[in-house]
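Chemist: Dropping in target_7.tsv, with TSV, C-alpha atoms.
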chain	number	residue	atom	x	y	z
A	1	MET	CA	-22.58	89.89	-32.14
A	2	LYS	CA	-21.57	86.90	-30.06
A	3	LYS	CA	-19.87	84.66	-32.59
A	4	ILE	CA	-19.87	81.48	-30.49
A	5	SER	CA	-23.21	79.91	-31.39
A	6	ILE	CA	-24.36	76.30	-31.62
A	7	ARG	CA	-27.48	77.38	-33.52
A	8	ARG	CA	-25.43	79.06	-36.23
A	9	LEU	CA	-23.23	75.95	-36.36
A	10	PHE	CA	-26.34	73.88	-37.05
A	11	ILE	CA	-27.20	76.20	-39.95
A	12	MET	CA	-23.69	75.71	-41.34
A	13	ILE	CA	-24.03	71.93	-40.96
A	14	VAL	CA	-27.29	72.06	-42.93
A	15	LEU	CA	-25.62	74.01	-45.75
A	16	TYR	CA	-22.56	71.73	-45.70
A	17	SER	CA	-24.70	68.58	-45.78
A	18	LEU	CA	-26.60	69.88	-48.80
A	19	VAL	CA	-23.67	71.11	-50.89
A	20	ALA	CA	-21.17	68.36	-50.05
A	21	ASN	CA	-23.53	65.74	-51.46
A	22	PHE	CA	-24.24	67.35	-54.83
A	23	ALA	CA	-21.59	65.22	-56.58
A	24	HIS	CA	-22.41	61.84	-55.03
A	25	PRO	CA	-25.41	60.87	-57.24
A	26	ILE	CA	-23.51	61.83	-60.40
A	27	THR	CA	-20.25	60.04	-59.52
A	28	PRO	CA	-21.31	56.66	-61.02
A	29	THR	CA	-22.31	58.40	-64.28
A	30	PHE	CA	-19.11	60.48	-64.20
A	31	ILE	CA	-16.99	57.33	-63.87
A	32	GLN	CA	-18.88	55.46	-66.59
A	33	ASN	CA	-18.70	58.43	-68.99
A	34	LEU	CA	-14.90	58.35	-68.61
A	35	HIS	CA	-14.98	54.59	-69.36
A	36	LEU	CA	-13.07	53.75	-66.19
A	37	ASN	CA	-13.11	50.43	-64.34
A	38	ASP	CA	-16.07	49.63	-62.08
A	39	TYR	CA	-13.84	49.45	-59.01
A	40	MET	CA	-13.10	53.19	-59.28
A	41	PHE	CA	-16.30	54.05	-57.41
A	42	GLY	CA	-14.80	52.34	-54.38
A	43	VAL	CA	-11.24	53.55	-54.92
A	44	ALA	CA	-12.31	57.20	-55.26
A	45	PHE	CA	-14.20	57.16	-51.97
A	46	ALA	CA	-11.43	55.17	-50.26
A	47	CYS	CA	-8.85	57.82	-51.19
A	48	MET	CA	-10.95	60.50	-49.52
A	49	ALA	CA	-11.53	58.33	-46.44
A	50	LEU	CA	-7.83	57.37	-46.22
A	51	LYS	CA	-6.69	60.98	-45.84
A	52	ASN	CA	-9.56	61.57	-43.42
A	53	PHE	CA	-8.33	58.61	-41.36
A	54	LEU	CA	-4.67	59.63	-41.34
A	55	PHE	CA	-5.19	63.26	-40.34
A	56	SER	CA	-8.20	63.23	-37.99
A	57	PRO	CA	-6.04	63.17	-34.80
A	58	PHE	CA	-3.91	65.94	-36.31
A	59	TRP	CA	-6.94	68.18	-36.80
A	60	GLY	CA	-8.11	67.46	-33.26
A	61	LYS	CA	-4.82	68.79	-31.84
A	62	PHE	CA	-4.19	71.54	-34.40
A	63	SER	CA	-7.58	73.13	-33.59
A	64	LYS	CA	-6.41	73.71	-30.01
A	65	SER	CA	-3.98	76.40	-31.14
A	66	VAL	CA	-5.93	77.97	-34.02
A	67	GLY	CA	-9.62	77.50	-33.18
A	68	THR	CA	-12.17	75.04	-34.49
A	69	ALA	CA	-14.37	77.54	-36.37
A	70	ARG	CA	-11.40	79.17	-38.11
A	71	ILE	CA	-9.91	75.81	-39.09
A	72	THR	CA	-13.28	74.67	-40.48
A	73	GLY	CA	-13.61	77.78	-42.63
A	74	TYR	CA	-10.17	77.30	-44.15
A	75	CYS	CA	-10.90	73.59	-44.74
A	76	PHE	CA	-13.94	74.50	-46.82
A	77	PHE	CA	-11.72	76.47	-49.21
A	78	GLY	CA	-9.45	73.43	-49.53
A	79	TYR	CA	-12.38	71.09	-50.07
A	80	SER	CA	-13.76	73.41	-52.76
A	81	PHE	CA	-10.41	73.36	-54.57
A	82	ALA	CA	-10.25	69.56	-54.35
A	83	GLN	CA	-13.70	69.19	-55.89
A	84	ALA	CA	-12.71	71.52	-58.72
A	85	LEU	CA	-9.78	69.18	-59.43
A	86	PHE	CA	-12.10	66.17	-59.25
A	87	SER	CA	-14.49	67.70	-61.79
A	88	MET	CA	-11.63	68.22	-64.26
A	89	SER	CA	-10.21	64.71	-63.88
A	90	THR	CA	-10.05	62.48	-66.96
A	91	SER	CA	-8.00	59.54	-65.64
A	92	GLU	CA	-7.94	57.25	-62.62
A	93	TRP	CA	-4.77	58.85	-61.23
A	94	GLN	CA	-6.23	62.34	-61.44
A	95	ILE	CA	-9.34	61.22	-59.58
A	96	ILE	CA	-7.18	59.54	-56.92
A	97	ALA	CA	-5.11	62.73	-56.41
A	98	ALA	CA	-8.21	64.94	-56.18
A	99	ARG	CA	-9.90	62.67	-53.66
A	100	LEU	CA	-6.76	62.44	-51.52
A	101	ILE	CA	-6.65	66.25	-51.32
A	102	GLY	CA	-10.37	66.38	-50.56
A	103	GLY	CA	-10.08	63.80	-47.78
A	104	PHE	CA	-7.46	65.88	-45.99
A	105	PHE	CA	-9.79	68.88	-45.70
A	106	ILE	CA	-12.96	66.84	-45.07
A	107	GLY	CA	-11.21	65.38	-42.03
A	108	GLY	CA	-10.74	68.88	-40.64
A	109	ILE	CA	-14.40	69.76	-41.20
A	110	SER	CA	-15.67	66.55	-39.58
A	111	VAL	CA	-13.45	66.72	-36.50
A	112	CYS	CA	-13.86	70.44	-35.90
A	113	ASN	CA	-17.66	70.38	-36.21
A	114	ILE	CA	-17.83	67.72	-33.48
A	115	LEU	CA	-15.29	69.57	-31.33
A	116	TYR	CA	-17.18	72.86	-31.67
A	117	VAL	CA	-20.26	71.24	-30.13
A	118	ILE	CA	-18.27	69.53	-27.36
A	119	GLU	CA	-16.36	72.71	-26.46
A	120	ASN	CA	-19.29	75.14	-26.58
A	121	SER	CA	-22.35	73.15	-25.42
A	122	SER	CA	-23.34	72.83	-21.79
A	123	ASP	CA	-22.82	69.47	-20.12
A	124	GLU	CA	-26.60	68.96	-20.00
A	125	LYS	CA	-27.07	69.58	-23.75
A	126	LYS	CA	-23.82	68.16	-25.12
A	127	GLY	CA	-25.21	64.73	-26.02
A	128	GLN	CA	-28.41	66.20	-27.43
A	129	ASP	CA	-26.51	68.76	-29.54
A	130	LEU	CA	-24.19	66.06	-30.90
A	131	ALA	CA	-27.21	63.96	-31.83
A	132	THR	CA	-28.83	67.00	-33.47
A	133	SER	CA	-25.74	67.67	-35.58
A	134	VAL	CA	-25.67	64.07	-36.82
A	135	THR	CA	-29.41	64.08	-37.49
A	136	LEU	CA	-29.20	67.33	-39.49
A	137	ASN	CA	-26.31	65.88	-41.48
A	138	ALA	CA	-28.19	62.67	-42.26
A	139	ILE	CA	-31.41	64.43	-43.26
A	140	PHE	CA	-29.98	67.23	-45.37
A	141	SER	CA	-27.37	64.97	-46.97
A	142	ALA	CA	-30.33	63.15	-48.47
A	143	PHE	CA	-31.76	66.36	-49.91
A	144	GLY	CA	-28.30	67.31	-51.16
A	145	TYR	CA	-28.32	64.03	-53.05
A	146	MET	CA	-31.70	64.91	-54.52
A	147	ILE	CA	-30.60	68.37	-55.66
A	148	GLY	CA	-27.38	66.95	-57.09
A	149	GLY	CA	-29.31	64.24	-58.90
A	150	PHE	CA	-31.58	66.70	-60.69
A	151	LEU	CA	-28.66	69.00	-61.48
A	152	GLY	CA	-26.84	65.95	-62.87
A	153	ASP	CA	-29.71	65.19	-65.24
A	154	ILE	CA	-29.24	68.69	-66.63
A	155	SER	CA	-25.44	68.76	-66.73
A	156	LEU	CA	-22.59	67.09	-64.85
A	157	PRO	CA	-20.33	70.20	-65.10
A	158	LEU	CA	-23.17	72.35	-63.73
A	159	THR	CA	-23.39	70.10	-60.68
A	160	PHE	CA	-19.68	70.43	-59.98
A	161	ILE	CA	-19.76	74.22	-60.48
A	162	CYS	CA	-22.59	74.56	-57.95
A	163	GLN	CA	-20.73	72.40	-55.45
A	164	VAL	CA	-17.36	74.15	-55.81
A	165	ALA	CA	-18.94	77.61	-55.45
A	166	GLY	CA	-21.17	76.48	-52.58
A	167	LEU	CA	-18.30	75.01	-50.55
A	168	ALA	CA	-16.25	78.19	-50.91
A	169	LEU	CA	-19.24	80.30	-49.84
A	170	ILE	CA	-19.77	78.17	-46.72
A	171	GLY	CA	-16.11	78.73	-45.85
A	172	VAL	CA	-16.69	82.47	-45.94
A	173	LEU	CA	-19.81	82.13	-43.78
A	174	TYR	CA	-17.90	80.13	-41.16
A	175	LEU	CA	-15.24	82.82	-40.86
A	176	LEU	CA	-17.81	85.65	-40.72
A	177	PHE	CA	-20.44	84.23	-38.38
A	178	LEU	CA	-18.75	81.66	-36.11
A	179	GLY	CA	-16.07	82.33	-33.54
A	180	ASP	CA	-14.04	80.46	-30.94
A	181	ALA	CA	-13.20	80.88	-27.30
A	182	PRO	CA	-9.60	82.02	-26.66
A	183	THR	CA	-7.23	79.20	-27.58
A	184	SER	CA	-5.27	77.50	-24.83
A	185	GLU	CA	-2.18	76.52	-26.82
A	186	ARG	CA	0.35	78.55	-28.78
A	187	PHE	CA	0.86	77.85	-32.46
A	188	SER	CA	4.22	76.32	-33.36
A	189	TRP	CA	5.46	75.13	-36.76
A	190	LYS	CA	7.64	72.59	-34.98
A	191	SER	CA	4.62	71.22	-33.16
A	192	LEU	CA	2.58	71.27	-36.38
A	193	LEU	CA	5.20	69.24	-38.26
A	194	HIS	CA	5.33	66.78	-35.38
A	195	GLN	CA	1.55	66.40	-35.40
A	196	SER	CA	1.62	65.94	-39.20
A	197	ASN	CA	2.94	62.45	-38.57
A	198	PRO	CA	-0.41	60.61	-38.53
A	199	PHE	CA	0.95	57.47	-36.89
A	200	GLN	CA	2.51	59.48	-34.06
A	201	ALA	CA	-0.76	61.31	-33.58
A	202	ILE	CA	-2.61	58.01	-33.29
A	203	LEU	CA	0.02	56.63	-30.91
A	204	ASP	CA	-0.48	59.70	-28.71
A	205	SER	CA	-3.91	58.31	-27.80
A	206	ARG	CA	-2.30	55.41	-25.93
A	207	HIS	CA	-2.52	57.14	-22.56
A	208	ILE	CA	-6.33	57.32	-22.77
A	209	MET	CA	-6.80	53.85	-24.26
A	210	THR	CA	-8.68	51.33	-22.15
A	211	MET	CA	-10.27	48.03	-23.13
A	212	ALA	CA	-13.71	49.70	-23.08
A	213	ILE	CA	-12.53	52.48	-25.43
A	214	PHE	CA	-10.81	49.95	-27.70
A	215	VAL	CA	-14.00	47.89	-28.00
A	216	PHE	CA	-16.04	51.05	-28.65
A	217	LEU	CA	-13.66	52.02	-31.46
A	218	VAL	CA	-14.04	48.54	-32.99
A	219	VAL	CA	-17.81	49.14	-33.06
A	220	CYS	CA	-17.21	52.51	-34.77
A	221	ALA	CA	-14.92	50.96	-37.40
A	222	ALA	CA	-17.21	47.97	-38.03
A	223	THR	CA	-20.37	50.06	-38.46
A	224	SER	CA	-18.50	52.50	-40.70
A	225	PHE	CA	-17.20	49.61	-42.82
A	226	ALA	CA	-20.71	48.12	-43.04
A	227	SER	CA	-22.44	51.38	-43.99
A	228	THR	CA	-19.78	52.46	-46.48
A	229	CYS	CA	-19.51	49.05	-48.14
A	230	TYR	CA	-23.29	49.02	-48.52
A	231	GLU	CA	-23.83	52.63	-49.60
A	232	GLN	CA	-21.00	52.72	-52.13
A	233	CYS	CA	-22.23	49.52	-53.74
A	234	PHE	CA	-25.88	50.61	-53.69
A	235	ASN	CA	-25.21	53.92	-55.48
A	236	TYR	CA	-23.32	52.16	-58.26
A	237	PHE	CA	-25.60	49.08	-58.23
A	238	ILE	CA	-28.79	50.94	-59.16
A	239	LYS	CA	-26.98	52.74	-61.99
A	240	ASP	CA	-25.16	49.67	-63.31
A	241	GLN	CA	-27.85	47.01	-62.81
A	242	TYR	CA	-31.06	49.01	-63.27
A	243	GLY	CA	-29.83	51.94	-65.36
A	244	PHE	CA	-31.21	54.59	-62.98
A	245	PRO	CA	-30.35	58.21	-63.92
A	246	PRO	CA	-28.78	60.53	-61.28
A	247	SER	CA	-32.18	62.03	-60.42
A	248	TYR	CA	-33.54	58.61	-59.37
A	249	ASN	CA	-30.60	58.21	-57.01
A	250	GLY	CA	-31.35	61.67	-55.64
A	251	LEU	CA	-35.06	60.96	-55.19
A	252	LEU	CA	-34.30	57.76	-53.29
A	253	LYS	CA	-32.03	59.72	-50.98
A	254	ALA	CA	-34.78	62.32	-50.46
A	255	ALA	CA	-37.13	59.54	-49.36
A	256	VAL	CA	-34.38	58.41	-47.03
A	257	GLY	CA	-34.23	61.94	-45.61
A	258	PHE	CA	-37.91	61.84	-44.59
A	259	ILE	CA	-37.50	58.39	-43.02
A	260	THR	CA	-34.36	59.53	-41.22
A	261	LEU	CA	-36.18	62.57	-39.84
A	262	LEU	CA	-39.02	60.36	-38.61
A	263	ALA	CA	-36.70	57.74	-37.11
A	264	ASN	CA	-34.36	60.21	-35.41
A	265	SER	CA	-37.14	62.43	-34.05
A	266	THR	CA	-38.89	59.44	-32.50
A	267	ILE	CA	-36.72	56.35	-32.03
A	268	CYS	CA	-33.39	58.13	-31.54
A	269	VAL	CA	-34.74	60.82	-29.19
A	270	LEU	CA	-36.51	58.16	-27.11
A	271	LEU	CA	-33.35	56.06	-26.85
A	272	MET	CA	-31.22	59.09	-25.94
A	273	LYS	CA	-33.55	60.36	-23.21
A	274	LYS	CA	-35.11	57.23	-21.77
A	275	THR	CA	-32.51	54.46	-22.09
A	276	ASN	CA	-28.90	53.56	-21.50
A	277	ILE	CA	-27.48	54.14	-24.98
A	278	LEU	CA	-24.66	51.65	-24.35
A	279	LYS	CA	-27.37	49.01	-24.08
A	280	SER	CA	-29.96	50.32	-26.54
A	281	ILE	CA	-27.51	50.57	-29.44
A	282	ILE	CA	-27.23	46.76	-29.44
A	283	PRO	CA	-30.76	46.01	-30.78
A	284	VAL	CA	-30.45	48.95	-33.24
A	285	LEU	CA	-27.36	47.36	-34.79
A	286	GLY	CA	-29.07	43.97	-34.66
A	287	ILE	CA	-31.98	45.33	-36.74
A	288	CYS	CA	-29.48	46.72	-39.27
A	289	PHE	CA	-27.95	43.24	-39.57
A	290	LEU	CA	-31.33	41.53	-40.10
A	291	MET	CA	-32.45	44.11	-42.68
A	292	MET	CA	-29.20	43.65	-44.59
A	293	ILE	CA	-29.89	39.91	-44.77
A	294	SER	CA	-33.31	40.65	-46.31
A	295	ILE	CA	-31.70	42.98	-48.88
A	296	ILE	CA	-29.36	40.18	-49.93
A	297	ILE	CA	-32.28	37.80	-50.44
A	298	LEU	CA	-34.53	40.18	-52.41
A	299	ASP	CA	-34.14	40.27	-56.22
A	300	ASN	CA	-37.27	42.01	-57.51
A	301	VAL	CA	-36.53	45.69	-58.07
A	302	VAL	CA	-39.55	47.19	-56.25
A	303	PRO	CA	-39.26	45.35	-52.89
A	304	PHE	CA	-35.47	45.67	-53.15
A	305	ILE	CA	-35.66	49.47	-53.43
A	306	ILE	CA	-38.31	49.74	-50.68
A	307	MET	CA	-36.25	47.67	-48.25
A	308	ASN	CA	-33.14	49.71	-49.03
A	309	VAL	CA	-34.91	53.01	-48.37
A	310	VAL	CA	-36.21	51.74	-45.01
A	311	PHE	CA	-32.75	50.42	-44.14
A	312	PHE	CA	-31.17	53.82	-44.82
A	313	GLY	CA	-33.45	55.29	-42.16
A	314	PHE	CA	-32.48	52.73	-39.52
A	315	ASN	CA	-28.85	53.02	-40.55
A	316	ALA	CA	-28.94	56.70	-39.54
A	317	VAL	CA	-30.28	55.99	-36.04
A	318	TYR	CA	-27.14	54.43	-34.61
A	319	GLN	CA	-24.83	57.28	-35.71
A	320	PRO	CA	-26.11	59.89	-33.17
A	321	LEU	CA	-25.92	57.21	-30.48
A	322	LEU	CA	-22.26	56.52	-31.25
A	323	GLN	CA	-21.35	60.22	-31.16
A	324	ALA	CA	-23.18	60.69	-27.87
A	325	MET	CA	-21.22	57.76	-26.43
A	326	ILE	CA	-17.91	59.63	-26.95
A	327	SER	CA	-18.50	61.75	-23.84
A	328	LEU	CA	-19.02	58.57	-21.79
A	329	PHE	CA	-15.48	57.39	-22.54
A	330	ALA	CA	-13.49	60.66	-22.56
A	331	LYS	CA	-12.61	63.15	-19.83
A	332	PRO	CA	-13.19	66.86	-20.62
A	333	ASP	CA	-9.51	67.51	-21.36
A	334	GLU	CA	-9.34	64.47	-23.65
A	335	ASN	CA	-12.26	65.40	-25.92
A	336	GLY	CA	-10.11	66.63	-28.82
A	337	LEU	CA	-7.97	63.51	-28.85
A	338	MET	CA	-10.95	61.18	-28.41
A	339	VAL	CA	-12.92	62.83	-31.23
A	340	GLY	CA	-9.87	62.63	-33.50
A	341	VAL	CA	-9.36	58.93	-32.80
A	342	TYR	CA	-13.11	58.26	-33.16
A	343	ASN	CA	-13.16	59.99	-36.53
A	344	SER	CA	-10.02	58.10	-37.56
A	345	MET	CA	-11.63	54.74	-36.80
A	346	ARG	CA	-14.75	55.69	-38.72
A	347	SER	CA	-12.57	56.79	-41.63
A	348	LEU	CA	-10.60	53.55	-41.42
A	349	GLY	CA	-13.89	51.70	-41.79
A	350	MET	CA	-14.74	53.91	-44.76
A	351	VAL	CA	-11.42	53.13	-46.42
A	352	GLY	CA	-11.83	49.39	-45.97
A	353	GLY	CA	-15.53	49.42	-46.84
A	354	SER	CA	-15.22	51.45	-50.04
A	355	LEU	CA	-12.15	49.61	-51.33
A	356	PHE	CA	-13.69	46.25	-50.54
A	357	ALA	CA	-17.00	47.24	-52.15
A	358	GLY	CA	-15.26	48.43	-55.33
A	359	PHE	CA	-13.12	45.36	-55.91
A	360	ILE	CA	-15.61	42.71	-54.74
A	361	TYR	CA	-18.24	44.25	-57.05
A	362	GLU	CA	-16.13	42.94	-59.93
A	363	ILE	CA	-16.71	39.39	-58.59
A	364	GLY	CA	-20.38	39.72	-57.72
A	365	PRO	CA	-22.62	42.84	-57.46
A	366	LYS	CA	-24.33	41.67	-54.25
A	367	LEU	CA	-21.23	40.49	-52.42
A	368	SER	CA	-20.80	43.96	-50.92
A	369	PHE	CA	-24.18	43.55	-49.20
A	370	VAL	CA	-23.03	40.20	-47.78
A	371	SER	CA	-19.85	41.83	-46.44
A	372	SER	CA	-21.91	44.62	-44.90
A	373	ALA	CA	-24.11	42.10	-43.09
A	374	ILE	CA	-21.05	40.37	-41.61
A	375	ALA	CA	-19.63	43.72	-40.43
A	376	PHE	CA	-22.93	44.63	-38.75
A	377	LEU	CA	-22.89	41.25	-36.96
A	378	ILE	CA	-19.36	42.00	-35.71
A	379	SER	CA	-20.51	45.42	-34.47
A	380	VAL	CA	-23.36	43.80	-32.52
A	381	ILE	CA	-20.95	41.40	-30.80
A	382	PHE	CA	-18.53	44.18	-29.80
A	383	ALA	CA	-21.38	46.48	-28.72
A	384	VAL	CA	-22.44	43.76	-26.27
A	385	ILE	CA	-18.84	43.51	-24.99
A	386	SER	CA	-18.66	47.31	-24.64
A	387	TYR	CA	-21.85	47.39	-22.57
A	388	LEU	CA	-20.64	44.57	-20.31
A	389	LEU	CA	-17.27	46.25	-19.74
A	390	MET	CA	-18.79	49.64	-18.86
A	391	ASN	CA	-21.43	48.00	-16.67
A	392	LYS	CA	-18.68	46.15	-14.82
A	393	LYS	CA	-16.74	49.41	-14.39
A	394	VAL	CA	-19.78	51.16	-12.88
A	395	GLN	CA	-20.34	48.30	-10.43
A	396	ARG	CA	-16.71	48.55	-9.27
A	397	THR	CA	-17.14	52.24	-8.42
A	398	LEU	CA	-20.25	51.61	-6.32
Would you mind giving the structure from this file in structure tokens?
Modeler:
Amino acid sequence: MKKISIRRLFIMIVLYSLVANFAHPITPTFIQNLHLNDYMFGVAFACMALKNFLFSPFWGKFSKSVGTARITGYCFFGYSFAQALFSMSTSEWQIIAARLIGGFFIGGISVCNILYVIENSSDEKKGQDLATSVTLNAIFSAFGYMIGGFLGDISLPLTFICQVAGLALIGVLYLLFLGDAPTSERFSWKSLLHQSNPFQAILDSRHIMTMAIFVFLVVCAATSFASTCYEQCFNYFIKDQYGFPPSYNGLLKAAVGFITLLANSTICVLLMKKTNILKSIIPVLGICFLMMISIIILDNVVPFIIMNVVFFGFNAVYQPLLQAMISLFAKPDENGLMVGVYNSMRSLGMVGGSLFAGFIYEIGPKLSFVSSAIAFLISVIFAVISYLLMNKKVQRTL
């Protein structure tokens, strides 16, 4: 059996997206049952995102000597262990430690899944396959939320048990059914220890850094901050303000999954095939900004929930566009480094967004939505700059 397969990778991404999201709808209830501070919903996610940020470039380089599929399989075992620790946590420090461990392995999964597509897809299908992987993640993450929500209504420990076992099983499936092309670099502990310095790994990207890439990375960080700040607040908001049980959170995410499928199979595909994505991402981000303003204004629960569900769908459209843009900025031999830096900037936005959402929630529950709107506005401005810079570069080469 030929073990290099994008189709089998997509199946793994579907399974991962389902199982990895089992715990998200129950996290607000889990935190409240432990009588912890409200800001812990932001701190817990920030700890995961911080480790993801610090080690994304490391995973991008480490995979060159071991193989992306093999690394991903091992990372699932680590992620499973981290979630087991999280489920047994009873204090803020235990939660922080568990999420830091989890973030380290999630970074490996995120980077290596993107790299597997880039390394094993044809040049003609690379952008489409990247968009497909993001779309599958967005859609099935929503259904993972739904399953986790209903499991949470039955039992919080049951939800964690299903997630821990599921993550370990996916790790086994990766190692059995996905393979890599022969690696081009030899493994070295000395090199590994060197690459374990996250700041050195980030500095190593200096030789590929241009103003256009820098502006693109600002867009990635700003959109990540905006989405994370919004999503982390929303999950806790509907539990804290409206008293929604975990299943309601899951059902809302399921509705989001259908809207995401519709939006990505129509709007996103059209933009990818028929337009210049550097240009078309600008109005997409602009719509996200305007919808966030409407969410801030709305107070009645029914229109508030409806607008949020619709926003989640549009929020998922720009993510495949950003991933597809990576190949426009990186040369073939720079893909690993570029993906690592891209994932780092997204994780940096997650760290800032989740921490900010957690602590500003203590001041005002809707202030996170205001912050998200500002971040989306910043992303629109820098997306315009990115388009102008790349357009200018193309004109110079003519």
Chemist: Measuring atom to atom with only C-alpha atoms, identify which of A:Ala316, A:Ile4, A:Leu54, A:Leu100 is nearest to Leu262 of chain A.
Modeler: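 Residue with the minimum atom-to-atom distance to Leu262 of chain A: A:Ala316.
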Chemist: Between A:Tyr387, A:Leu355, A:Phe177, A:Met291, which is the closest to Ile277 of chain A once you count only C-alpha atoms?
Modeler: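 Counting only C-alpha atoms, the residue closest to Ile277 of chain A is A:Tyr387.
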Chemist: Which residues are close to segment 153-169 of chain A, i.e. within 9 Å by all atoms listed in the file, leaving aside same-chain residues fewer than 6 positions away? Reply as a count of residues only.
Modeler: 27
Chemist: Using all atoms listed in the file, determine which residues lie at most 10 Å from Ile306 of chain A, disregarding the query and same-chain residues fewer than 6 positions distant; provide the list as a PyMOL selection string.
Modeler: chain A and resi 252+255+295
Chemist: For segment 91-106 of chain A, take all atoms listed in the file, fit an axis-aligned box around them, add 4 Å to each of the six sides, then output centre and edge lengths in Å rounded to one decimal, as JSON.
Modeler:
{"center_x": -8.9, "center_y": 63.1, "center_z": -55.4, "size_x": 16.2, "size_y": 19.6, "size_z": 28.6}
Chemist: Provide the atom CA of Ala357 of chain A to atom CA of Cys229 of chain A distance in Å, to one decimal place.
Modeler: 5.1 Å
Chemist: Using only C-alpha atoms, which of the listed residues (A:Phe314, A:Phe104, A:Phe10, A:Phe356) sits closest to Phe258 of chain A?
Modeler: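 Closest candidate: A:Phe314.
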Chemist: So that I can check the surroundings of Ala373 of chain A, please list as a PyMOL selection string every protein, DNA and RNA residue that reaches within 7 Å of it, counting only C-alpha atoms and ignoring chain neighbours fewer than 3 positions away.
Modeler: chain A and resi 226+289+292-293+369-370+376-377
Chemist: Write the residues of the preceding selection, restricted to C-alpha atoms, as an mmCIF file, in the coordinates of the input.
Modeler:
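This went into part_3.cif:
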data_model
loop_
_atom_site.group_PDB
_atom_site.id
_atom_site.type_symbol
_atom_site.label_atom_id
_atom_site.label_comp_id
_atom_site.auth_asym_id
_atom_site.auth_seq_id
_atom_site.Cartn_x
_atom_site.Cartn_y
_atom_site.Cartn_z
ATOM 1 C CA ALA A 226 -20.710 48.120 -43.040
ATOM 2 C CA PHE A 289 -27.950 43.240 -39.570
ATOM 3 C CA MET A 292 -29.200 43.650 -44.590
ATOM 4 C CA ILE A 293 -29.890 39.910 -44.770
ATOM 5 C CA PHE A 369 -24.180 43.550 -49.200
ATOM 6 C CA VAL A 370 -23.030 40.200 -47.780
ATOM 7 C CA PHE A 376 -22.930 44.630 -38.750
ATOM 8 C CA LEU A 377 -22.890 41.250 -36.960
#
Chemist: What gap, in Å, lies between atom CA of Leu178 of chain A and atom CA of Arg8 of chain A?
Modeler: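 Atom CA of Leu178 of chain A sits 7.2 Å away from atom CA of Arg8 of chain A.
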Chemist: Quick one: which segment 94-199 of chain A residues come within 10 Å of segment 318-321 of chain A, and what is the nearest atom pair for each with the distance in Å to one decimal, counting all atoms listed in the file, rows ordered by chain and ascending number, as JSON lines?
Modeler:
{"residue": "A:Gly127", "atom": "CA", "partner": "A:Pro320", "partner_atom": "CA", "distance": 8.7}
{"residue": "A:Gln128", "atom": "CA", "partner": "A:Pro320", "partner_atom": "CA", "distance": 8.8}
{"residue": "A:Asp129", "atom": "CA", "partner": "A:Pro320", "partner_atom": "CA", "distance": 9.6}
{"residue": "A:Leu130", "atom": "CA", "partner": "A:Pro320", "partner_atom": "CA", "distance": 6.8}
{"residue": "A:Ala131", "atom": "CA", "partner": "A:Pro320", "partner_atom": "CA", "distance": 4.4}
{"residue": "A:Thr132", "atom": "CA", "partner": "A:Pro320", "partner_atom": "CA", "distance": 7.6}
{"residue": "A:Ser133", "atom": "CA", "partner": "A:Pro320", "partner_atom": "CA", "distance": 8.2}
{"residue": "A:Val134", "atom": "CA", "partner": "A:Pro320", "partner_atom": "CA", "distance": 5.6}
{"residue": "A:Thr135", "atom": "CA", "partner": "A:Pro320", "partner_atom": "CA", "distance": 6.9}
{"residue": "A:Ala138", "atom": "CA", "partner": "A:Gln319", "partner_atom": "CA", "distance": 9.1}
Chemist: For a cutoff of 6 Å around the file-coordinate point (-15.4, 74.8, -40.2), which residues qualify once you count only C-alpha atoms? I'd like the result as a PyMOL selection string.
Modeler: chain A and resi 69+71-73+109+174
Chemist: Suppose we keep C-alpha atoms; can you now write the selection as a compact mmCIF listing (two decimals), in the coordinates of the input?
Modeler:
# COMPACT_ATOMS: atom_id res chain seq x y z
CA ALA A 69 -14.37 77.54 -36.37
CA ILE A 71 -9.91 75.81 -39.09
CA THR A 72 -13.28 74.67 -40.48
CA GLY A 73 -13.61 77.78 -42.63
CA ILE A 109 -14.40 69.76 -41.20
CA TYR A 174 -17.90 80.13 -41.16
Chemist: Work out how far atom CA of Asp38 of chain A is from atom CA of Ser354 of chain A, in Å to one decimal.
Modeler: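 Separation of atom CA of Ser354 of chain A and atom CA of Asp38 of chain A: 12.2 Å.
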Chemist: Which is closest to Ile287 of chain A among A:Gln32, A:Ser63, A:Ser379, A:Asn37, if we use only C-alpha atoms?
Modeler: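 Ranked by minimum distance to Ile287 of chain A, first place goes to A:Ser379.
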Chemist: List as a list of chain:residue names the protein and nucleic acid residues near Asn137 of chain A, meaning an atom at most 9 Å away when all atoms listed in the file are counted, but skip any in the same chain fewer than 5 places from it.
Modeler: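 Near neighbours after the sequence-gap exclusion: A:Ile13, A:Val14, A:Tyr16, A:Ser17, A:Leu18, A:Thr132, A:Ala142.
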Chemist: For a quick check of understanding, using only C-alpha atoms, which of A:Gly250, A:Lys274, A:Met325, A:Tyr39 has the smallest distance to Ile363 of chain A?
Modeler: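 Smallest distance to Ile363 of chain A is found for A:Tyr39.
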Chemist: Counting all atoms listed in the file, what is within 7 Å of segment 207-222 of chain A, bar same-chain residues fewer than 5 positions away, as a PyMOL selection string?
Modeler: chain A and resi 329+342+345-346+348-349+375-376+378-379+382-383+386+389-390
Chemist: Pick the closest to Ile118 of chain A from A:Ile238, A:Cys288, A:Ile6, A:Cys268: which is it, counting all atoms listed in the file?
Modeler: A:Ile6
